[in-house]
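**Student:** Dropping a structure here in structure tokens format, bear with me for questions.
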Amino acid sequence: MQRLAYLLGWGITLGLLIPVLQTLWISFSPDSFLSPPKGEWSLRWYQAFLEDRRWVNSLLRTLILGVGVSFLTVSLAFTSVYACMRYPSPWNKAFKISMFLPACIPPAAIGMG
């Protein structure tokens with residue numbers, strides 16, 4: 001049973017990685033169409049990306065926001081867990097339930113907001 005779960009986990013991981021790897025492979029194509037490179041490889045699309053100031057600014061803004069939000073999330077989660085474990089109170093159960101609510105709301109409902 002454990003072996004089956006292990007194989008299933010690897011199967012899911014590969015299933016999620018295959019489209020990413022295929023996209024990466026196609027990105028080296030010199031053609032304007034979405035086709036894999038046939039003999040000749042090119043960095044044309046990466047050069048076009050790095051030359052366009054709007055894309056580079058967007059990438060930097062995304063990285064800065066991602067690092068900042070990650071730091072904030074880990075900080076808030078750590079302090080919340082620490083407070084629940086260190087200072088027991090009758091409100092802990094309600095607080096723990098409220099911490100899991102965002103994981104329960106479907107992404108479609110969040111996207112509609």
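In the structure tokens, chains take the letters A, B, ... in the order shown, each chain's residues start at 1, and ligands count up from 1 in the order shown.
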Write out as an MDAnalysis selection string all residues of chain A that DSSP puts in helix (DSSP H, G or I) for this structure's backbone.

**Tutor:** chainID A and resid 2:26 44:51 53:86 92:104 107:112

**Student:** If I take atom CA of Ser75 of chain A and atom CA of Phe100 of chain A, how far is one from the other in Å, to one decimal?

**Tutor:**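 According to the coordinates, atom CA of Ser75 of chain A and atom CA of Phe100 of chain A are separated by 16.4 Å.
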
**Student:** Can you work out which one of A:Leu14, A:Ala109, A:Ala77, A:Val20 has the shortest atom-to-atom distance to Lys96 of chain A, counting only C-alpha atoms?

**Tutor:**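 Looking at the shortest contact to Lys96 of chain A, the residue is A:Ala77.
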
**Student:** Work out how far apart atom CA of Tyr46 of chain A and atom CA of Phe28 of chain A are and give it in Å to one decimal.

**Tutor:**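 Computing the Euclidean distance for atom CA of Tyr46 of chain A and atom CA of Phe28 of chain A yields 8.5 Å.
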
**Student:** Enter the distance from atom CA of Cys84 of chain A to atom CA of Gly68 of chain A, in Å, rounded to one decimal.

**Tutor:**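 Between these atoms lies a distance of 24.4 Å.
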
**Student:** Could you give me, as a list in words, the residues within 10 Å of Thr23 of chain A, counting only C-alpha atoms and dropping anything in the same chain fewer than 3 positions from it?

**Tutor:**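 Those residues are Ile18, Pro19, Val20, Ile26, Ser27, Phe28, Leu34, Ser35 and Pro36 of chain A.
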
**Student:** Suppose we keep N, CA, C and O atoms; can you now write the selection as a PDB file, in the first residue's frame?

**Tutor:**
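The resulting result.pdb:
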ATOM      1  N   ILE A  18       5.301  17.711 -16.558  1.00  0.00           N
ATOM      2  CA  ILE A  18       5.417  17.515 -18.010  1.00  0.00           C
ATOM      3  C   ILE A  18       4.997  18.758 -18.805  1.00  0.00           C
ATOM      4  O   ILE A  18       5.723  19.182 -19.710  1.00  0.00           O
ATOM      5  N   PRO A  19       3.864  19.418 -18.513  1.00  0.00           N
ATOM      6  CA  PRO A  19       3.530  20.634 -19.278  1.00  0.00           C
ATOM      7  C   PRO A  19       4.558  21.757 -19.094  1.00  0.00           C
ATOM      8  O   PRO A  19       4.851  22.500 -20.037  1.00  0.00           O
ATOM      9  N   VAL A  20       5.127  21.865 -17.896  1.00  0.00           N
ATOM     10  CA  VAL A  20       6.148  22.897 -17.653  1.00  0.00           C
ATOM     11  C   VAL A  20       7.389  22.603 -18.480  1.00  0.00           C
ATOM     12  O   VAL A  20       7.954  23.496 -19.126  1.00  0.00           O
ATOM     13  N   ILE A  26       9.714  24.187 -25.809  1.00  0.00           N
ATOM     14  CA  ILE A  26       9.191  24.958 -26.941  1.00  0.00           C
ATOM     15  C   ILE A  26       9.738  26.384 -26.930  1.00  0.00           C
ATOM     16  O   ILE A  26       9.883  27.011 -27.977  1.00  0.00           O
ATOM     17  N   SER A  27      10.092  26.905 -25.751  1.00  0.00           N
ATOM     18  CA  SER A  27      10.581  28.282 -25.677  1.00  0.00           C
ATOM     19  C   SER A  27      11.921  28.465 -26.372  1.00  0.00           C
ATOM     20  O   SER A  27      12.320  29.591 -26.657  1.00  0.00           O
ATOM     21  N   PHE A  28      12.619  27.400 -26.669  1.00  0.00           N
ATOM     22  CA  PHE A  28      13.904  27.502 -27.378  1.00  0.00           C
ATOM     23  C   PHE A  28      13.748  27.410 -28.891  1.00  0.00           C
ATOM     24  O   PHE A  28      14.728  27.356 -29.611  1.00  0.00           O
ATOM     25  N   LEU A  34       4.097  27.781 -31.997  1.00  0.00           N
ATOM     26  CA  LEU A  34       4.363  26.943 -30.834  1.00  0.00           C
ATOM     27  C   LEU A  34       4.720  25.535 -31.290  1.00  0.00           C
ATOM     28  O   LEU A  34       3.896  24.632 -31.304  1.00  0.00           O
ATOM     29  N   SER A  35       5.958  25.367 -31.680  1.00  0.00           N
ATOM     30  CA  SER A  35       6.440  24.052 -32.103  1.00  0.00           C
ATOM     31  C   SER A  35       7.816  23.821 -31.495  1.00  0.00           C
ATOM     32  O   SER A  35       8.577  24.765 -31.294  1.00  0.00           O
ATOM     33  N   PRO A  36       8.137  22.579 -31.197  1.00  0.00           N
ATOM     34  CA  PRO A  36       9.451  22.293 -30.620  1.00  0.00           C
ATOM     35  C   PRO A  36      10.561  22.600 -31.620  1.00  0.00           C
ATOM     36  O   PRO A  36      10.352  22.543 -32.833  1.00  0.00           O
TER      37      PRO A  36
END
